[in-house]
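Data block for query-v2.tsv (TSV, C-alpha atoms):
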```tsv
chain	number	residue	atom	x	y	z
A	88	MET	CA	6.47	5.99	-30.34
A	89	PHE	CA	3.49	8.09	-31.43
A	90	SER	CA	0.84	6.38	-33.49
A	91	THR	CA	-0.44	8.62	-36.28
A	92	ASN	CA	-3.36	6.25	-36.92
A	93	GLN	CA	-4.17	6.20	-33.21
A	94	THR	CA	-4.65	2.41	-33.09
A	95	ARG	CA	-4.55	0.02	-30.17
A	96	VAL	CA	-1.00	-0.64	-29.02
A	97	THR	CA	0.48	-4.10	-28.46
A	98	TYR	CA	3.20	-2.95	-26.08
A	99	PHE	CA	4.19	0.02	-23.97
A	100	ILE	CA	7.51	1.69	-23.32
A	101	ILE	CA	8.15	2.49	-19.67
A	102	LYS	CA	9.94	5.83	-19.50
A	103	GLY	CA	11.43	5.10	-16.08
A	104	ILE	CA	12.23	7.18	-13.04
A	105	SER	CA	14.73	9.51	-14.70
A	106	ASP	CA	16.15	10.15	-18.19
A	107	VAL	CA	19.37	11.71	-16.92
A	108	PRO	CA	22.24	9.27	-17.69
A	109	GLN	CA	24.34	10.43	-14.74
A	110	LEU	CA	21.54	9.55	-12.33
A	111	GLN	CA	20.89	6.01	-13.58
A	112	LEU	CA	23.41	4.22	-11.36
A	113	PRO	CA	22.68	6.17	-8.14
A	114	ILE	CA	18.92	5.69	-8.64
A	115	PHE	CA	19.38	1.98	-9.35
A	116	LEU	CA	21.46	1.49	-6.20
A	117	LEU	CA	18.99	3.48	-4.11
A	118	VAL	CA	15.95	1.58	-5.44
A	119	LEU	CA	17.73	-1.76	-5.00
A	120	LEU	CA	18.69	-0.89	-1.42
A	121	ILE	CA	15.13	0.19	-0.59
A	122	TYR	CA	13.67	-2.92	-2.21
A	123	LEU	CA	16.00	-5.32	-0.38
A	124	THR	CA	15.36	-3.50	2.90
A	125	THR	CA	11.61	-3.73	2.29
A	126	LEU	CA	11.80	-7.46	1.65
A	127	GLY	CA	14.07	-8.07	4.63
A	128	ALA	CA	12.14	-5.95	7.12
A	129	ASN	CA	8.69	-7.21	6.12
A	130	THR	CA	9.88	-10.82	6.02
A	131	ALA	CA	11.28	-10.39	9.54
A	132	ILE	CA	7.97	-8.97	10.80
A	133	PHE	CA	5.98	-11.76	9.14
A	134	LEU	CA	8.23	-14.49	10.57
A	135	LEU	CA	8.13	-12.95	14.04
A	136	VAL	CA	4.34	-12.87	13.95
A	137	CYS	CA	4.22	-16.51	12.82
A	138	LEU	CA	6.88	-17.90	15.19
A	139	ASP	CA	6.40	-15.96	18.43
A	140	PRO	CA	3.33	-17.07	20.44
A	141	GLN	CA	3.29	-13.71	22.25
A	142	LEU	CA	2.54	-12.02	18.93
A	143	HIS	CA	-0.43	-14.27	18.18
A	144	THR	CA	-2.88	-11.44	18.76
A	145	PRO	CA	-5.31	-9.70	16.35
A	146	MET	CA	-3.13	-6.61	15.90
A	147	TYR	CA	-0.07	-8.63	14.87
A	148	PHE	CA	-2.18	-10.96	12.75
A	149	PHE	CA	-3.25	-7.96	10.67
A	150	LEU	CA	0.32	-6.66	10.73
A	151	GLY	CA	1.47	-9.94	9.19
A	152	ASN	CA	-1.07	-9.48	6.40
A	153	LEU	CA	0.15	-5.91	5.89
A	154	SER	CA	3.73	-7.16	5.58
A	155	ILE	CA	2.73	-9.63	2.86
A	156	MET	CA	0.92	-6.87	0.95
A	157	ASP	CA	3.93	-4.54	1.21
A	158	MET	CA	6.31	-7.21	-0.11
A	159	PHE	CA	4.07	-8.06	-3.05
A	160	CYS	CA	3.35	-4.42	-3.87
A	161	SER	CA	7.03	-3.46	-3.89
A	162	THR	CA	7.94	-6.46	-6.03
A	163	ILE	CA	5.19	-5.77	-8.56
A	164	THR	CA	6.07	-2.09	-8.99
A	165	LEU	CA	9.85	-2.01	-8.56
A	166	HIS	CA	10.93	-5.12	-10.43
A	167	LYS	CA	10.43	-3.49	-13.85
A	168	ALA	CA	12.33	-0.39	-12.77
A	169	LEU	CA	15.25	-2.58	-11.66
A	170	VAL	CA	15.11	-4.61	-14.89
A	171	ILE	CA	15.20	-1.40	-16.94
A	172	PHE	CA	18.32	-0.25	-15.09
A	173	VAL	CA	20.07	-3.60	-15.63
A	174	THR	CA	19.02	-4.51	-19.20
A	175	GLY	CA	17.92	-1.20	-20.68
A	176	ASN	CA	14.78	-2.93	-22.00
A	177	LYS	CA	11.90	-0.54	-21.39
A	178	THR	CA	9.22	-2.42	-23.33
A	179	VAL	CA	6.35	-4.31	-21.72
A	180	SER	CA	3.51	-6.09	-23.51
A	181	PHE	CA	0.02	-4.64	-23.28
A	182	ASN	CA	-1.31	-7.65	-21.36
A	183	SER	CA	1.62	-7.63	-18.92
A	184	CYS	CA	1.13	-3.92	-18.35
A	185	ILE	CA	-2.58	-4.33	-17.57
A	186	ALA	CA	-1.78	-7.29	-15.31
A	187	GLN	CA	0.75	-5.18	-13.39
A	188	LEU	CA	-1.77	-2.33	-13.07
A	189	TYR	CA	-4.43	-4.75	-11.81
A	190	MET	CA	-2.19	-6.39	-9.21
A	191	PHE	CA	-0.85	-3.06	-7.95
A	192	SER	CA	-4.37	-1.60	-7.69
A	193	CYS	CA	-5.62	-4.69	-5.86
A	194	LEU	CA	-2.80	-4.64	-3.33
A	195	ALA	CA	-3.15	-0.90	-2.79
A	196	CYS	CA	-6.85	-1.41	-2.05
A	197	ASP	CA	-6.08	-4.40	0.16
A	198	GLU	CA	-3.66	-2.29	2.18
A	199	LEU	CA	-6.23	0.44	2.77
A	200	LEU	CA	-8.79	-2.16	3.83
A	201	ILE	CA	-6.44	-4.03	6.17
A	202	LEU	CA	-5.46	-0.73	7.81
A	203	THR	CA	-9.19	-0.08	8.29
A	204	ALA	CA	-9.55	-3.48	9.94
A	205	MET	CA	-6.58	-2.62	12.17
A	206	SER	CA	-8.27	0.64	13.18
A	207	TYR	CA	-11.37	-1.33	14.18
A	208	ASP	CA	-9.15	-3.66	16.21
A	209	ARG	CA	-7.62	-0.67	18.03
A	210	TYR	CA	-11.11	0.77	18.57
A	211	VAL	CA	-12.31	-2.42	20.26
A	212	ALA	CA	-9.10	-2.77	22.28
A	213	ILE	CA	-9.29	0.77	23.71
A	214	CYS	CA	-13.01	1.54	23.77
A	215	ASN	CA	-14.31	-1.90	24.74
A	216	PRO	CA	-11.36	-3.74	26.36
A	217	LEU	CA	-13.45	-6.14	28.47
A	218	HIS	CA	-15.12	-7.62	25.37
A	219	TYR	CA	-11.98	-7.47	23.21
A	220	PRO	CA	-11.08	-11.22	23.38
A	221	MET	CA	-14.66	-12.15	22.47
A	222	VAL	CA	-15.17	-9.56	19.72
A	223	MET	CA	-11.75	-9.97	18.07
A	224	ASN	CA	-11.54	-13.75	18.27
A	225	PRO	CA	-9.47	-15.71	15.71
A	226	LYS	CA	-12.48	-16.49	13.50
A	227	VAL	CA	-13.47	-12.82	13.29
A	228	CYS	CA	-9.91	-11.77	12.50
A	229	ALA	CA	-9.58	-14.41	9.78
A	230	LEU	CA	-12.92	-13.35	8.30
A	231	LEU	CA	-11.96	-9.66	8.30
A	232	ALA	CA	-8.62	-10.43	6.61
A	233	PHE	CA	-10.34	-12.65	4.03
A	234	ILE	CA	-12.89	-9.92	3.24
A	235	CYS	CA	-10.11	-7.34	2.85
A	236	TRP	CA	-8.16	-9.54	0.42
A	237	VAL	CA	-11.20	-10.52	-1.64
A	238	LEU	CA	-12.75	-7.04	-1.81
A	239	GLY	CA	-9.47	-5.54	-3.03
A	240	PHE	CA	-9.26	-8.03	-5.90
A	241	ILE	CA	-12.94	-7.73	-6.84
A	242	GLU	CA	-13.51	-3.97	-6.66
A	243	VAL	CA	-10.70	-3.18	-9.10
A	244	ILE	CA	-12.12	-5.42	-11.85
A	245	PRO	CA	-14.70	-2.95	-13.31
A	246	TYR	CA	-12.29	-0.18	-14.28
A	247	VAL	CA	-9.66	-2.67	-15.48
A	248	VAL	CA	-12.27	-4.24	-17.79
A	249	LEU	CA	-13.19	-0.80	-19.11
A	250	LEU	CA	-9.51	-0.02	-19.59
A	251	LEU	CA	-9.15	-3.15	-21.74
A	252	GLU	CA	-11.94	-1.88	-24.01
A	253	LEU	CA	-10.12	1.35	-24.90
A	254	SER	CA	-9.50	1.12	-28.64
A	255	CYS	CA	-6.77	3.62	-29.39
A	256	TYR	CA	-3.80	5.46	-27.87
A	257	ARG	CA	-1.97	8.61	-28.93
A	258	SER	CA	1.32	7.14	-27.74
A	259	ASN	CA	2.66	3.99	-26.13
A	260	ILE	CA	5.25	5.77	-23.98
A	261	ILE	CA	4.22	5.67	-20.32
A	262	ASN	CA	5.71	8.54	-18.31
A	263	HIS	CA	6.18	6.40	-15.21
A	264	PHE	CA	8.35	3.58	-13.84
A	265	PHE	CA	5.51	1.04	-13.87
A	266	CYS	CA	2.03	0.66	-15.40
A	267	ASP	CA	-0.15	2.91	-13.29
A	268	LEU	CA	-3.72	3.94	-14.12
A	269	VAL	CA	-3.38	7.71	-14.50
A	270	PRO	CA	-0.42	7.71	-16.97
A	271	ILE	CA	-2.14	5.07	-19.13
A	272	VAL	CA	-5.50	6.88	-19.23
A	273	LYS	CA	-3.58	10.05	-20.12
A	274	LEU	CA	-2.38	8.35	-23.32
A	275	THR	CA	-5.73	7.15	-24.66
A	276	CYS	CA	-7.74	8.92	-27.34
A	277	SER	CA	-10.88	6.87	-26.65
A	278	ASP	CA	-13.90	8.20	-24.78
A	279	THR	CA	-13.17	7.70	-21.07
A	280	SER	CA	-16.34	9.24	-19.63
A	281	VAL	CA	-17.66	5.89	-18.33
A	282	LEU	CA	-14.23	4.93	-17.06
A	283	ASP	CA	-13.90	8.27	-15.27
A	284	ILE	CA	-17.23	7.69	-13.49
A	285	VAL	CA	-16.23	4.17	-12.47
A	286	ILE	CA	-12.86	5.38	-11.22
A	287	LEU	CA	-14.62	8.10	-9.23
A	288	ILE	CA	-17.07	5.65	-7.67
A	289	GLU	CA	-14.73	2.69	-7.23
A	290	GLY	CA	-11.44	4.41	-6.63
A	291	LEU	CA	-12.33	7.58	-4.76
A	292	LEU	CA	-15.50	6.60	-2.91
A	293	LEU	CA	-15.47	2.84	-2.27
A	294	LEU	CA	-11.74	2.15	-2.13
A	295	SER	CA	-10.45	5.36	-0.56
A	296	LEU	CA	-13.11	7.55	1.05
A	297	ILE	CA	-15.05	4.81	2.87
A	298	PRO	CA	-11.94	3.19	4.42
A	299	PHE	CA	-10.71	6.65	5.39
A	300	LEU	CA	-14.04	7.58	7.01
A	301	LEU	CA	-14.21	4.28	8.90
A	302	THR	CA	-10.65	4.76	10.14
A	303	PHE	CA	-11.35	8.40	11.01
A	304	ILE	CA	-14.52	7.51	12.94
A	305	SER	CA	-12.67	4.77	14.82
A	306	TYR	CA	-10.01	7.23	15.91
A	307	ILE	CA	-12.60	9.79	16.96
A	308	PHE	CA	-14.00	7.25	19.42
A	309	ILE	CA	-10.47	6.23	20.43
A	310	ILE	CA	-9.41	9.82	21.15
A	311	VAL	CA	-12.61	10.52	23.11
A	312	THR	CA	-12.05	7.38	25.19
A	313	ILE	CA	-8.39	8.23	25.82
A	314	LEU	CA	-9.29	11.75	26.96
A	315	LYS	CA	-11.71	10.27	29.49
A	316	ILE	CA	-8.89	8.32	31.17
A	317	ARG	CA	-8.02	10.15	34.36
A	318	SER	CA	-4.37	9.20	34.83
A	319	SER	CA	-1.75	10.59	32.45
A	320	THR	CA	0.03	7.22	32.55
A	321	GLY	CA	-3.13	5.48	31.40
A	322	ARG	CA	-3.64	7.98	28.58
A	323	ARG	CA	-0.04	7.54	27.38
A	324	LYS	CA	-0.34	3.75	27.51
A	325	ALA	CA	-3.62	3.79	25.57
A	326	PHE	CA	-2.26	6.15	22.92
A	327	TYR	CA	0.93	4.10	22.66
A	328	THR	CA	-1.06	1.01	21.63
A	329	CYS	CA	-2.33	2.75	18.48
A	330	SER	CA	0.48	5.22	17.72
A	331	SER	CA	2.24	2.93	15.24
A	332	HIS	CA	-0.94	2.23	13.31
A	333	LEU	CA	-1.89	5.91	13.28
A	334	THR	CA	1.56	6.85	11.96
A	335	VAL	CA	1.30	4.32	9.12
A	336	VAL	CA	-2.24	5.45	8.23
A	337	LEU	CA	-1.27	9.13	8.10
A	338	LEU	CA	1.84	8.36	6.05
A	339	LEU	CA	-0.11	6.34	3.49
A	340	TYR	CA	-3.08	8.68	3.08
A	341	VAL	CA	-0.94	11.82	2.81
A	342	THR	CA	1.11	10.13	0.10
A	343	LEU	CA	-1.99	9.00	-1.79
A	344	VAL	CA	-3.51	12.48	-1.66
A	345	CYS	CA	-0.29	14.03	-3.00
A	346	GLN	CA	-0.05	11.37	-5.69
A	347	TYR	CA	-3.58	11.16	-7.09
A	348	LEU	CA	-5.50	14.29	-6.10
A	349	ARG	CA	-3.44	16.48	-8.41
A	350	PRO	CA	-4.02	17.77	-11.97
A	351	THR	CA	-2.85	15.33	-14.64
A	352	SER	CA	-0.63	17.67	-16.63
A	353	SER	CA	2.71	16.50	-18.01
A	354	GLU	CA	4.51	18.41	-15.26
A	355	SER	CA	2.35	16.83	-12.56
A	356	LEU	CA	2.97	13.37	-14.03
A	357	ASN	CA	6.70	13.94	-13.56
A	358	SER	CA	6.24	15.02	-9.96
A	359	ASN	CA	3.74	12.21	-9.36
A	360	LYS	CA	6.50	9.73	-10.13
A	361	LEU	CA	8.32	10.95	-7.02
A	362	PHE	CA	5.23	10.53	-4.85
A	363	SER	CA	4.57	7.14	-6.44
A	364	LEU	CA	8.16	6.07	-5.79
A	365	PHE	CA	7.78	7.08	-2.16
A	366	ASN	CA	4.42	5.29	-1.92
A	367	THR	CA	5.55	2.05	-3.58
A	368	ALA	CA	9.13	1.91	-2.26
A	369	ALA	CA	9.62	3.99	0.88
A	370	VAL	CA	6.24	3.41	2.60
A	371	PRO	CA	6.46	-0.43	2.48
A	372	MET	CA	10.00	-0.11	3.87
A	373	LEU	CA	8.96	2.30	6.63
A	374	ASN	CA	5.90	0.34	7.80
A	375	PRO	CA	7.81	-2.52	9.50
A	376	LEU	CA	10.40	-0.06	10.84
A	377	ILE	CA	7.65	2.06	12.40
A	378	TYR	CA	6.06	-0.97	14.03
A	379	SER	CA	9.39	-2.36	15.25
A	380	LEU	CA	10.89	0.90	16.50
A	381	LYS	CA	7.71	2.04	18.27
A	382	ASN	CA	6.60	-1.34	19.59
A	383	LYS	CA	8.05	-3.02	22.67
A	384	ASP	CA	6.45	-6.38	21.85
A	385	VAL	CA	8.08	-6.58	18.42
A	386	LYS	CA	11.47	-5.49	19.76
A	387	SER	CA	11.38	-8.00	22.62
A	388	SER	CA	10.27	-10.73	20.22
A	389	LEU	CA	13.14	-9.91	17.90
A	390	ARG	CA	15.61	-10.08	20.78
A	391	ARG	CA	14.25	-13.48	21.82
A	392	ARG	CA	14.57	-14.81	18.28
A	393	LEU	CA	18.15	-13.53	18.00
A	394	LYS	CA	19.11	-15.08	21.34
A	395	ALA	CA	17.55	-18.38	20.24
A	396	CYS	CA	19.56	-18.29	17.03
A	397	LYS	CA	22.79	-17.65	18.94
A	398	CYS	CA	22.05	-20.55	21.30
A	399	ILE	CA	21.45	-22.89	18.36
A	400	ALA	CA	24.65	-21.70	16.66
```
Show me the file's structure as structure tokens.
Amino acid sequence: MFSTNQTRVTYFIIKGISDVPQLQLPIFLLVLLIYLTTLGANTAIFLLVCLDPQLHTPMYFFLGNLSIMDMFCSTITLHKALVIFVTGNKTVSFNSCIAQLYMFSCLACDELLILTAMSYDRYVAICNPLHYPMVMNPKVCALLAFICWVLGFIEVIPYVVLLLELSCYRSNIINHFFCDLVPIVKLTCSDTSVLDIVILIEGLLLLSLIPFLLTFISYIFIIVTILKIRSSTGRRKAFYTCSSHLTVVLLLYVTLVCQYLRPTSSESLNSNKLFSLFNTAAVPMLNPLIYSLKNKDVKSSLRRRLKACKCIA
């Protein structure tokens, strides 16, 4: 629907992942499978971290927080896509759309911040192992996690408030499968100069660049420390302790760069949906798999839980 008077809309129409009728069922089944796998895998990681005393360490504490974020983020972004496939109803109210955008943005920021906290944990563990229990004590870990959660929900507020003040839209058809910031801003005919500045400062600098630099600096010190280890066995063991986290960080940042640091043409919006689908569906599914497949502690914990279940049965 295009508004000739260019007035404020009361609802949006979510275009969805694909308009091709023949692809609707395969895409629905694929998204549903990914979503259920994401919920199952992240729930398993979270329960293992909570139930197994051997996983009551800072790294797995942060991993449990990451699992919660991944489950919430996937639910917030994919539920509308699944509803569209089932009911065919593509409409969403303006307030619901902004609420979805806010929650997704908050959780995306939270995930970047918690990964930064995990990089600091790996830095202390490898570069200062003797003081690790004292530096990364339970109170410090809880405080870091609390700060990550709160900052994510606070720092997104300014540009969401500015987005609410936009007075008119050229169209209410969002070329996406959920309410994301870039497709919505693309539709507005209001002056977005202030919003663009806030997005640059909040989104690019505070929420993306600073966490990236902190993570990058942590890994510079980690790599330098690992290279100073004389034995090859010691170097492999040290690198192994942070390989899962490094893989997740690289996967997330590469996806974000491909998704957001691109021109906002109509063609790029179509391709951005693929990157966004990978970021909101595949990445949360891959995170627990990466940590479980590359981590002996998680695999041994899972085996112990399964054996305990068989004994009870």
Atomic distance atom CA of A:Val118 - atom CA of A:Leu135, expressed in Å with one decimal: 25.5 Å
Please provide the set of residues having any atom within 6 Å of A:Tyr98, restricted to only C-alpha atoms, with same-chain residues fewer than 4 positions apart removed, written as a ChimeraX atom specification. /A:179-181
Could you give me, as a PyMOL selection string, the residues within 12 Å of A:Pro245, counting only C-alpha atoms and dropping anything in the same chain fewer than 3 positions from it? chain A and resi 189+192-193+239-242+248-252+281-290
Need to verify the contact set: A:Phe326, 9 Å, only C-alpha atoms, exclusion of same-chain residues closer than 3 positions in sequence. Can you return it as a PyMOL selection string? chain A and resi 213+309-310+313+321-323+329-330
Residues near stretch 125-134 of chain A, cut-off 9 Å, all atoms listed in the file, skip fewer than 2 positions along chain, as a ChimeraX atom specification: /A:120-123,136-139,147-148,150-155,157-158,161-162,368-376,378-379,385,389
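Between A:Cys184 and the candidates A:His332, A:Arg209, A:Lys167, A:Lys360, the tightest atom-to-atom separation, counting only C-alpha atoms, involves A:Lys167.
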Residues within 12 Å of (-3.9, -2.4, -27.3), file coords, only C-alpha atoms, listed as an NGL selection string: :A and (90 or 93-99 or 179-185 or 250-259 or 271 or 274-277)
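Going from atom CA of A:Asp208 over to atom CA of A:Lys324, you cover 16.1 Å.
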Å distance separating atom CA of A:Thr302 from atom CA of A:Ile201, one decimal place: 10.5 Å
Go through A:Val269, A:Leu291, A:Leu364, A:Leu231 one by one, measure the shortest atom-to-atom distance of each to A:Ile104 using all atoms listed in the file, and give the residue with the smallest value. A:Leu364
Skip A:Leu200 itself and residues of its chain fewer than 6 positions away, then list as an MDAnalysis selection string all residues within 9 Å of it, counting all atoms listed in the file. chainID A and resid 232 234:236 238:239 294:295 298
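Compared by their closest atoms to A:Phe264, and using only C-alpha atoms, the residues A:Pro108, A:Phe149, A:Ile377, A:Lys177 rank with A:Lys177 nearest.
Among the candidates A:Ile244, A:Val227, A:Val211, A:Leu296, the one nearest to A:Ala325 when counting only C-alpha atoms is A:Val211.
Take the candidates A:Cys160, A:Leu361, A:Leu314, A:Leu194 and check each one against A:Ser105 using all atoms listed in the file; the shortest distance goes to A:Leu361.
Across A:Thr174, A:Thr320, A:Thr144, A:Gln111, the tightest approach to A:Ala229 is made by A:Thr144 when counting all atoms listed in the file.
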Rebuild stretch 142-158 of chain A so that it carries N, CA, C and O atoms, then output the result as a compact mmCIF listing (two decimals), in the coordinates of the input.
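The result, stored in rebuild-v3.txt:
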```
# COMPACT_ATOMS: atom_id res chain seq x y z
N LEU A 142 3.04 -12.92 19.98
CA LEU A 142 2.54 -12.02 18.93
C LEU A 142 1.31 -12.60 18.23
O LEU A 142 0.88 -12.06 17.21
N HIS A 143 0.78 -13.68 18.76
CA HIS A 143 -0.43 -14.27 18.18
C HIS A 143 -1.67 -13.56 18.71
O HIS A 143 -2.51 -14.13 19.41
N THR A 144 -1.75 -12.29 18.36
CA THR A 144 -2.88 -11.44 18.76
C THR A 144 -3.46 -10.81 17.49
O THR A 144 -2.80 -10.79 16.44
N PRO A 145 -4.69 -10.28 17.55
CA PRO A 145 -5.31 -9.70 16.35
C PRO A 145 -4.46 -8.61 15.68
O PRO A 145 -4.33 -8.59 14.46
N MET A 146 -3.89 -7.71 16.49
CA MET A 146 -3.13 -6.61 15.90
C MET A 146 -1.96 -7.13 15.07
O MET A 146 -1.72 -6.66 13.95
N TYR A 147 -1.23 -8.11 15.59
CA TYR A 147 -0.07 -8.63 14.87
C TYR A 147 -0.48 -9.57 13.74
O TYR A 147 0.25 -9.72 12.76
N PHE A 148 -1.65 -10.18 13.87
CA PHE A 148 -2.18 -10.96 12.75
C PHE A 148 -2.41 -10.06 11.55
O PHE A 148 -2.02 -10.39 10.41
N PHE A 149 -3.04 -8.92 11.76
CA PHE A 149 -3.25 -7.96 10.67
C PHE A 149 -1.92 -7.37 10.19
O PHE A 149 -1.75 -7.10 9.01
N LEU A 150 -0.99 -7.17 11.11
CA LEU A 150 0.32 -6.66 10.73
C LEU A 150 1.04 -7.64 9.81
O LEU A 150 1.72 -7.23 8.86
N GLY A 151 0.89 -8.94 10.08
CA GLY A 151 1.47 -9.94 9.19
C GLY A 151 0.88 -9.86 7.79
O GLY A 151 1.60 -9.98 6.79
N ASN A 152 -0.44 -9.66 7.71
CA ASN A 152 -1.07 -9.48 6.40
C ASN A 152 -0.56 -8.23 5.70
O ASN A 152 -0.32 -8.24 4.48
N LEU A 153 -0.38 -7.16 6.46
CA LEU A 153 0.15 -5.91 5.89
C LEU A 153 1.56 -6.11 5.34
O LEU A 153 1.90 -5.58 4.29
N SER A 154 2.36 -6.89 6.04
CA SER A 154 3.73 -7.16 5.58
C SER A 154 3.73 -7.91 4.25
O SER A 154 4.53 -7.62 3.35
N ILE A 155 2.83 -8.89 4.12
CA ILE A 155 2.73 -9.63 2.86
C ILE A 155 2.33 -8.69 1.72
O ILE A 155 2.91 -8.72 0.63
N MET A 156 1.36 -7.83 1.97
CA MET A 156 0.92 -6.87 0.95
C MET A 156 2.05 -5.94 0.54
O MET A 156 2.24 -5.65 -0.65
N ASP A 157 2.82 -5.46 1.51
CA ASP A 157 3.93 -4.54 1.21
C ASP A 157 5.00 -5.22 0.36
O ASP A 157 5.54 -4.62 -0.58
N MET A 158 5.30 -6.49 0.68
CA MET A 158 6.31 -7.21 -0.11
C MET A 158 5.84 -7.42 -1.54
O MET A 158 6.59 -7.20 -2.50
```
